[in-house]
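**Student:** Here it is, the structure, as structure tokens.
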There are 2 protein chains.
Amino acid sequence: MILCVSFILFQSVAQQKELTIEDSVLGYYKGLYPKSLSSLQWVKNTETYLQKTEKAYTITNAKTQQVVKTISLKELQEVFPKLQRLPYLKAVTKTYLRFTLNGGIVSYNYLTKKEENSIFYAANAVDIVLNDTASHIAYTLENNLYIASTSEKKIIITDITDKNIVSGQTMHRSEFGITGGIFWSPKGNYIAFYQKDETHVTNYPLVDVTTYPATLKNIKYPMAGQGSEQAKIGIYNLATGNLSYLKIDTTDEHYLTNLTWSPDEKNIFLAEINRGQNHVWFNRYDIKTGKKTATLFEEKEDTWAEPEHPATFLPNSNTDFLWFSERDGFMNLYHYTTEGKLVKQLTKFNWVVQEILGFDAKGKYVIIAGTGKDGREKHTFKVHIKTGKSTALTSVAGTHRTQLSTNGAYLIDSYSNITTPKIIQIITVKKGKKTKLFTAENPLEGYKLGTSEFVDLHTKNGITLHGRITKPANFDPSKKYPVLIYVYGGPHAQMVTNTWMAGASLWMPIFTANQDYIVFTLDNRGSKNRGFAFENVIHRNVGEHEMEDQLTGIDYLKSLPYVDASRMAVNGWSYGGFMSTSLMLRHPGVFTTAVAGGPVIDWKYYEVMYGERYMDTPQENPEGYKKAHVTNYIKNLKGKMLIIHGSVDPVVVPQHSMSLLQKSVKEGIQVDFFTYPMHEHNVRGRDRVHLMNKILDYIVLNNK
Amino acid sequence: MILCVSFILFQSVAQQKELTIEDSVLGYYKGLYPKSLSSLQWVKNTETYLQKTEKAYTITNAKTQQVVKTISLKELQEVFPKLQRLPYLKAVTKTYLRFTLNGGIVSYNYLTKKEENSIFYAANAVDIVLNDTASHIAYTLENNLYIASTSEKKIIITDITDKNIVSGQTMHRSEFGITGGIFWSPKGNYIAFYQKDETHVTNYPLVDVTTYPATLKNIKYPMAGQGSEQAKIGIYNLATGNLSYLKIDTTDEHYLTNLTWSPDEKNIFLAEINRGQNHVWFNRYDIKTGKKTATLFEEKEDTWAEPEHPATFLPNSNTDFLWFSERDGFMNLYHYTTEGKLVKQLTKFNWVVQEILGFDAKGKYVIIAGTGKDGREKHTFKVHIKTGKSTALTSVAGTHRTQLSTNGAYLIDSYSNITTPKIIQIITVKKGKKTKLFTAENPLEGYKLGTSEFVDLHTKNGITLHGRITKPANFDPSKKYPVLIYVYGGPHAQMVTNTWMAGASLWMPIFTANQDYIVFTLDNRGSKNRGFAFENVIHRNVGEHEMEDQLTGIDYLKSLPYVDASRMAVNGWSYGGFMSTSLMLRHPGVFTTAVAGGPVIDWKYYEVMYGERYMDTPQENPEGYKKAHVTNYIKNLKGKMLIIHGSVDPVVVPQHSMSLLQKSVKEGIQVDFFTYPMHEHNVRGRDRVHLMNKILDYIVLNNK
């Protein structure tokens with residue numbers, strides 16, 4: 001094991017105040033997160049950007065840095081007397097501010113200072129999606145889809161009484177990059193929408209204990225290996241009022257994902273994936289006939305294939321698009337035509353491309369974001385579409401979140417790193433010229449904190465693992481400190497990032513500074529932003545490599561003279577609950593104490609879309625399910641283990657923890673348990689203070 | 001406070017083995033309860049009694065003490081080859097042994113050594129009731145009632161598809177002395193049966209977490225103040241096959257209880273009680289017309305009226321019967337005629353009559369059981385029906401459970417007291433002559449135990465309260481011992497009795513002997529066998545007087561030089577959970593630790609029949625419900641409190657504990673919790689070992 005410490009202090013000397021748990025939970029409201037510029041966004045089709053100050057929106061020219069417009073709350077209140085404060089904006093154009101008010105999206109013409117073309121929908125509408133021209137809003141009510149427009153008339157798109165048929169909502173449990181079920185066509189003439197048939201999906205019974213008496217709250221929950229949903233794509237033509245469906249047979253419960261309209265609105269492209277999730281067909285459908293007209297390409301993987309991005313058409317092209325694929329081991333971009341011709345692999349990075357932000361003003365470059373060489377970072381690049389040559393637009397090490405102006409000329413870049421709370425700047429796409437807009441102060445100045453450092457460890461195969469160690473406030477290397485391992489460990493997530501505090505949470509100083517703890521976190525194999533091979537080792541065998549890597553972290557900690565190896569605790573939620581319980585029970589003696597929240601205990605109780613991707617079905621992979629089944633190891637418990645579960649957790653359903661408790665009772669093993677009534681997959685809001693106190697108390701009491 | 005200790009040791013000097021929690025839970029199987037004579041019972045209409053030995057039943061003449069018959073397992077197996085061991089007997093007559101086998105009740109003629117007149121019913125039948133002549137069996141399947149007889153033909157009595165209409169089962173949640181819903185008429189020509197309509201009773205959702213996925217298990221649960229069941233009495237005429245119903249309007253949800261057939265089978269008597277439970281009508285119905293023909297008498301109480309015994313007709317009389325009533329403040333017997341004439345109050349005890357065992361051979365005496373002067377005891381008496389003169393038939397202080405022979409000449413008396421594990425004797429009713437049959441050895445000989453003593457305390461109004469203190473095994477009065485208060489405290493129950501170990505449970509020595517604890521239990525006002533005034537102080541105000549009395553116990557303990565008043569814990573289940581949480585939260589500082597199982601937290605979540613008797617409805621008594629609502633005091637918690645609940649508790653539904661947890665989270669109070677998956681209103685079977693370990697660990701850890 002080679003050890004490489006990227007040593008960076010994020011905290012200065014003056015250490016006075018102690019952070020409280022309440023501070024850590026309500027930190028945002030208490031100003032303990034780095035300040036930023038509020039509502040910062042580009043005004044559509046301009047080179048100006050909007051930001052919100054206390055009493056006004058200001059619009060500033062990016063080139064001149066002159067404020068070109070101020071729209072005050074007072075001015076808005078003259079038109080909208082009910083407004084209490086500046087609203088959250090849904091859209092900003094050269095003419096309009098659009099925001100939600102009185103059960104509608106209102107449009108304020110800030111040039112004429114009048115309300116124009118506001119659209120009202122049903123009071124309890126959800127999934128509200130405005131089209132690009134802001135002429136119509138699509139929304140859902142219960143299981144059906146509707147349209148509202150500036151006219152009074154509302155259009156019912158689906159009118160299905162069977163509640164198992166759900167239109168216009170997210171689908172496939174929001175896997176595959178899905179965030180919603182309504183897709184306006186580019187010119188707004190059509191809506192495509194997801195429709196799922198959940199007839200074969202079982203109900204999971206949750207109980208609302210706040211009614212008198214308690215009442216049943218069934219959720220649809222497809223468990224691994226059981227019946228799943230069947231998807232459809234509906235297309236509604238606003239001009240004719242015609243509703244049709246793409247002709248796709250989904251009785252095999254395969255997935256319809258990453259819906260993309262062709263710019264000319266004639267075709268829809270879909271990435272279709274088999275239920276086994278190792279085979280993708282990228283298909284073209286003719287919206288007139290609903291028929292598939294071509295399979296542009298297929299992707300197969302031994303482990304899994306997981307498209308998460310729709311196609312992005314090149315500017316002014318109806319034929320050429322960019323496609324994200326991990327087929328070479330890293331998420332890279334591929335240039336295809338709508339006839340299925342691979343023009344070329346556009347990027348060949350051995351790191352992960354994360355998003356396409358748009359194109360430059362002349363359409364020669366695609367602007368992308370990705371990790372760059374360090375998987376803990378995020379940078380923006382321009383890639384020349386013809387040559388594939390790439391140029392970094394962000395430079396300072398760290399995590400840059402950028403917004404591209406509609407015209408492709410400017411970026412707003414908001415970044416942080418382990419030593420930088422937040423800096424916001426404008427970057428020109430052409431020359432990379434930077435203009436600083438904002439520098440946040442250290443919001444934790446004056447607080448007693450620990451010191452976070454990056455740690456690089458290596459697996460026996462030489463793979464680098466990134467960790468973060470946070471040491472006590474008045475660290476003394478001649479002392480021995482107890483350790484808390486905070487773990488997540490699951491796919492699609494990363495705990496150690498080059499961001500402010502290195503991704504550490506505000507509660508960690510409660511341990512490091514107030515309790516003289518070392519807090520350690522490691523992103524094991526399986527976690528994101530390190531490429532496909534790093535991730536897919538978990539296939540059919542979750543927990544195994546993840547634990548191996550966590551134990552590499554433990555070995556590292558044990559090698560440190562200032563670590564008390566007899567006082568190590570582990571804590572995590574969800575996949576981290578699975579990891580915490582697995583580490584505690586499958587490696588007894590390593591930890592004195594484990595606290596697991598909303599843990600996956602038996603993967604067969606987890607859902608089809610996420611669960612089967614990694615584990616296949618229980619029928620296909622009985623050994624893998626058995627090996628990962630936490631209750632099988634309950635007899636090994638050595639030390640104290642607290643299980644916490646939200647009583648109405650719809651993600652990791654309460655059955656997981658209940659099955660562990662039942663086995664522990666049967667085996668005569670004493671496990672501790674707490675349930676947060678009416679909380680879901682975590683404990684949010686003010687109640688989180690209670691949760692963090694419970695975790696802290698339990699670890700401090702037992703890790704000795 | 002006057003203190004009076006009835007000091008009795010129940011344990012000798014040789015103290016070696018330590019009882020384990022497993023011993024205490026599985027004590028019955030480990031021979032730690034006093035031995036007895038198995039299946040001891042009178043043979044119907046004889047002066048002989050049956051008992052079961054390892055390989056045979058023997059029948060013995062009570063007078064001569066000669067064994068007159070031996071029926072071996074081997075003999076039975078020749079007729080019933082499937083029998084593995086001697087079966088549990090449903091009935092024993094001069095000719096037959098009747099027992100359940102192969103989905104029927106088989107009748108073995110032990111004179112001819114043949115099977116005769118066996119009756120078979122449906123495999124999944126429940127509520128199986130044999131008539132007196134053993135010619136027919138009534139039973140239920142799901143919500144309907146059936147009859148099977150020696151003929152093959154089964155009779156469907158009710159055939160109702162609406163599952164809300166339930167026939168032949170217990171009703172009114174088995175309050176009012178109800179134990180079943182099938183009432184054969186004396187000669188077996190009719191069946192009367194309960195039918196309840198639960199249309200207006202809400203479902204409470206319980207969840208079965210052992211299925212894949214978890215499934216809903218609704219139970220019907222009428223919560224206080226909400227819709228309740230409507231009762232009917234059905235009558236089925238076996239000769240005509242006619243089914244009719246008594247004409248009673250129960251849309252007011254009043255209760256139909258204590259059904260009594262007239263000996264001539266012409267009338268049915270019912271104690272009807274208003275939903276408010278303070279008014280009883282004892283009504284006579286003509287079974288031909290179904291009409292009420294008389295209200296014999298009414299009983300009204302300011303608090304509640306609670307008949308729990310049917311009428312008992314005098315021998316060979318169709319007109320005179322005995323009625324139990326608390327109208328003079330104690331449960332006494334009243335002699336009535338079927339015309340409603342009160343002949344006289346037969347007994348005028350200032351103690352509680354508990355049951356009528358029958359009549360003597362000549363029908364001049366009624367044989368009853370009751371507490372006698374000491375509410376902790378139980379004795380049998382004969383009462384001269386004409387004069388009311390009573391004579392005790394049992395004499396030794398303690399708890400005598402007696403069976404009267406059908407001819408009224410003999411009693412089998414099985415008794416114990418604080419120093420006596422068990423003695424069984426025959427007593428002649430005429431002269432009280434006693435013949436000892438069995439003396440049990442001390443089953444705990446050789447175990448290290450504590451010493452239980454009775455304690456009498458007094459309320460400020462001079463009411464005597466009975467307590468039990470159990471001291472450590474090697475008690476040293478110069479030491480200071482921690483205390484565990486074990487409490488129930490609710491009506492219809494009594495913890496301190498003059499029985500073996502004074503009613504202490506086998507788990508108590510785990511504390512007293514193994515952990516050097518004092519365990520203390522007190523029967524506060526509200527508990528049973530002390531008369532109506534003692535009980536009904538709790539009306540509309542549960543918890544208040546009960547806690548006051550428990551604190552009298554605490555004051556007593558604090559007055560003892562060997563009690564460490566800074567180390568007191570409290571534990572109880574159900575009403576005892578209500579008491580434990582209430583004591584902990586409403587008298588903070590008294591206890592360091594509370595463990596409450598299946599606690600009633602909010603009385604509005606408890607059920608109509610029991611709950612409204614004591615508390616009226618939440619609408620009628622909002623102050624009382626608010627005052628007793630445990631969550632209102634959660635802010636006061638000082639010390640540690642563990643709440644335990646069976647996950648499918650159908651009696652005190654999980655909502656109770658969940659509401660307390662929710663409030664504790666909201667108020668930032670740390671409470672501990674554990675749920676026993678798939679356990680009901682307590683943790684039974686082997687899993688109880690886990691429960692007792694949890695309770696012990698928690699108390700020992702925190703009561704310091």
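Chain labels run A, B, ... following the order of the structure tokens; each chain numbers its residues from 1, and ligands are numbered from 1 in the order shown.
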Could you write out as a PyMOL selection string the residues of chain B within 6 Å of chain A, counting only C-alpha atoms?
**Tutor:** chain B and resi 205+209+216+655+662+665+668+673-674+677+690
**Student:** Applying 9 Å and only C-alpha atoms, which residues near Leu145 of chain B remain after dropping the ones on its own chain fewer than 4 positions away? List them as a VMD selection string.
**Tutor:** chain B and resid 138 to 141 155 to 159 166 to 169 182 193
**Student:** Measure the distance from atom CA of Gly181 of chain B to atom CA of Gln195 of chain B in Å and round it to one decimal.
**Tutor:**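 Answer for the atom CA of Gly181 of chain B to atom CA of Gln195 of chain B separation: 7.7 Å.
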**Student:** What does the distance between atom CA of Thr46 of chain B and atom CA of Thr428 of chain B come to in Å, to one decimal place?
**Tutor:**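 About the pair atom CA of Thr46 of chain B and atom CA of Thr428 of chain B: they are 14.0 Å apart.
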**Student:** Step one, run DSSP on the backbone; step two, keep only residues of segment 317-394 of chain A assigned to strand (DSSP E or B); then write them as a ChimeraX atom specification.
**Tutor:** /A:320-325,332-337,342-345,353-359,365-370,378-384,390-392
**Student:** Measuring atom to atom with only C-alpha atoms, identify which of A:Lys292, A:His335, A:Lys558, A:Lys480 is nearest to Phe313 of chain A.
**Tutor:** A:His335
**Student:** So which residues touch Leu111 of chain A within 9 Å, counting only C-alpha atoms, skipping near sequence neighbours fewer than 6 positions away, as a PyMOL selection string?
**Tutor:** chain A and resi 94-96
**Student:** For the residues selected in the previous step, produce a file with N, CA and C atoms as a compact mmCIF listing (two decimals), in the first residue's frame.
**Tutor:**
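Final file, out.txt:
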# COMPACT_ATOMS: atom_id res chain seq x y z
N LYS A 94 -35.45 38.15 -22.71
CA LYS A 94 -35.17 39.57 -22.97
C LYS A 94 -36.31 40.47 -22.52
N THR A 95 -37.49 39.87 -22.42
CA THR A 95 -38.69 40.65 -22.15
C THR A 95 -39.38 40.27 -20.86
N TYR A 96 -39.29 38.98 -20.53
CA TYR A 96 -40.13 38.46 -19.46
C TYR A 96 -39.36 37.86 -18.30
**Student:** Mind giving me the straight-line distance from atom CA of Leu246 of chain B to atom CA of Val201 of chain B in Å, one decimal?
**Tutor:**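 Computing the Euclidean distance for atom CA of Leu246 of chain B and atom CA of Val201 of chain B yields 22.4 Å.
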**Student:** Any idea what's packed within 9 Å of Thr521 of chain B, counting only C-alpha atoms, ignoring anything in its chain fewer than 2 positions away? Could you give it as number ranges by chain?
**Tutor:** B: 466-470, 484-488, 495-496, 504, 519, 523, 550, 553
**Student:** Write out as a PDB file with C-alpha atoms, in the first residue's frame the residues lying within 10 Å of Pro307 of chain B, counting only C-alpha atoms and excluding same-chain residues fewer than 3 positions away.
**Tutor:**
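Saved the output as part06.pdb:
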ATOM      1  CA  GLU B 175     -65.316  -7.572  27.248  1.00  0.00           C
ATOM      2  CA  PHE B 176     -68.349  -8.205  29.546  1.00  0.00           C
ATOM      3  CA  GLY B 177     -67.172 -11.740  30.270  1.00  0.00           C
ATOM      4  CA  THR B 257     -73.951  -9.560  26.678  1.00  0.00           C
ATOM      5  CA  ASN B 258     -74.184 -12.504  29.028  1.00  0.00           C
ATOM      6  CA  ALA B 271     -77.773  -8.056  29.730  1.00  0.00           C
ATOM      7  CA  GLU B 272     -77.895  -5.088  27.382  1.00  0.00           C
ATOM      8  CA  ILE B 273     -75.632  -2.127  28.044  1.00  0.00           C
ATOM      9  CA  GLN B 277     -71.667   1.680  29.693  1.00  0.00           C
ATOM     10  CA  VAL B 280     -77.822  -2.136  32.053  1.00  0.00           C
ATOM     11  CA  PHE B 282     -81.648  -7.265  31.860  1.00  0.00           C
ATOM     12  CA  GLU B 299     -78.821  -1.131  36.814  1.00  0.00           C
ATOM     13  CA  TRP B 304     -69.798   2.333  34.755  1.00  0.00           C
ATOM     14  CA  PRO B 310     -74.771 -14.775  32.782  1.00  0.00           C
ATOM     15  CA  TRP B 323     -77.453 -12.686  39.255  1.00  0.00           C
ATOM     16  CA  PHE B 324     -74.056 -11.109  39.897  1.00  0.00           C
ATOM     17  CA  SER B 325     -74.071  -7.409  40.605  1.00  0.00           C
ATOM     18  CA  GLU B 326     -71.735  -4.820  42.076  1.00  0.00           C
ATOM     19  CA  MET B 331     -69.794  -8.299  43.503  1.00  0.00           C
TER      20      MET B 331
END
**Student:** Which residues in segment 17-214 of chain A does DSSP call helix (DSSP H, G or I)? List them as a list in words.
**Tutor:** Ile21, Glu22, Asp23, Ser24, Val25, Leu73, Lys74, Glu75, Leu76, Gln77, Glu78, Val79, His172, Arg173 and Ser174 of chain A
**Student:** With distances taken over only C-alpha atoms, which of A:Ile128, A:Ala294, A:Ile248, A:Leu696 is nearest to Lys341 of chain A?
**Tutor:**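 Going through A:Ile128, A:Ala294, A:Ile248, A:Leu696 one by one, the smallest distance to Lys341 of chain A is for A:Ala294.
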**Student:** Got a sec: who's within 7 Å of segment 576-582 of chain B, counting only C-alpha atoms, leaving out chain neighbours fewer than 4 positions off, as JSON, numbers by chain?
**Tutor:** {"B": [487, 488, 489, 543, 570, 571, 572, 586, 594, 595, 596, 597, 598, 599, 600, 601, 630]}
**Student:** Near segment 98-100 of chain B, within 9 Å and counting only C-alpha atoms, which residues show up once chain neighbours fewer than 4 positions away are dropped, as a PyMOL selection string?
**Tutor:** chain B and resi 87-93+104-109+118+134
**Student:** Now that the selection is made, can you save its residues with N, CA and C atoms as a short mmCIF file (atom, residue, chain, number, x, y, z; two decimals), in the first residue's frame?
**Tutor:**
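As written to disk, again29.cif reads:
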data_model
loop_
_atom_site.label_atom_id
_atom_site.label_comp_id
_atom_site.auth_asym_id
_atom_site.auth_seq_id
_atom_site.Cartn_x
_atom_site.Cartn_y
_atom_site.Cartn_z
N PRO B 87 -54.10 -37.55 24.38
CA PRO B 87 -54.57 -36.24 23.91
C PRO B 87 -55.17 -35.39 25.02
N TYR B 88 -55.28 -34.10 24.71
CA TYR B 88 -56.02 -33.18 25.58
C TYR B 88 -57.50 -33.51 25.42
N LEU B 89 -58.21 -33.72 26.54
CA LEU B 89 -59.61 -34.15 26.46
C LEU B 89 -60.57 -32.97 26.42
N LYS B 90 -61.51 -33.05 25.49
CA LYS B 90 -62.56 -32.03 25.42
C LYS B 90 -63.67 -32.35 26.43
N ALA B 91 -63.91 -33.63 26.68
CA ALA B 91 -64.96 -34.03 27.61
C ALA B 91 -64.71 -35.46 28.07
N VAL B 92 -65.16 -35.72 29.30
CA VAL B 92 -65.07 -37.07 29.87
C VAL B 92 -66.42 -37.42 30.48
N THR B 93 -67.02 -38.48 30.02
CA THR B 93 -68.30 -38.93 30.61
C THR B 93 -68.12 -40.34 31.16
N GLY B 104 -61.65 -33.50 13.62
CA GLY B 104 -62.95 -33.79 14.19
C GLY B 104 -62.83 -33.95 15.69
N ILE B 105 -63.98 -34.11 16.35
CA ILE B 105 -63.94 -34.50 17.75
C ILE B 105 -64.34 -35.96 17.79
N VAL B 106 -63.40 -36.80 18.18
CA VAL B 106 -63.70 -38.23 18.20
C VAL B 106 -64.15 -38.63 19.60
N SER B 107 -65.01 -39.61 19.65
CA SER B 107 -65.54 -40.11 20.92
C SER B 107 -65.09 -41.56 21.09
N TYR B 108 -64.36 -41.78 22.15
CA TYR B 108 -63.87 -43.13 22.42
C TYR B 108 -64.69 -43.72 23.57
N ASN B 109 -65.39 -44.79 23.28
CA ASN B 109 -66.16 -45.49 24.31
C ASN B 109 -65.20 -46.41 25.04
N SER B 118 -68.14 -40.10 16.42
CA SER B 118 -67.20 -39.01 16.20
C SER B 118 -67.81 -38.02 15.22
N ALA B 134 -73.12 -33.99 23.02
CA ALA B 134 -72.05 -34.36 22.08
C ALA B 134 -72.61 -34.92 20.78
#
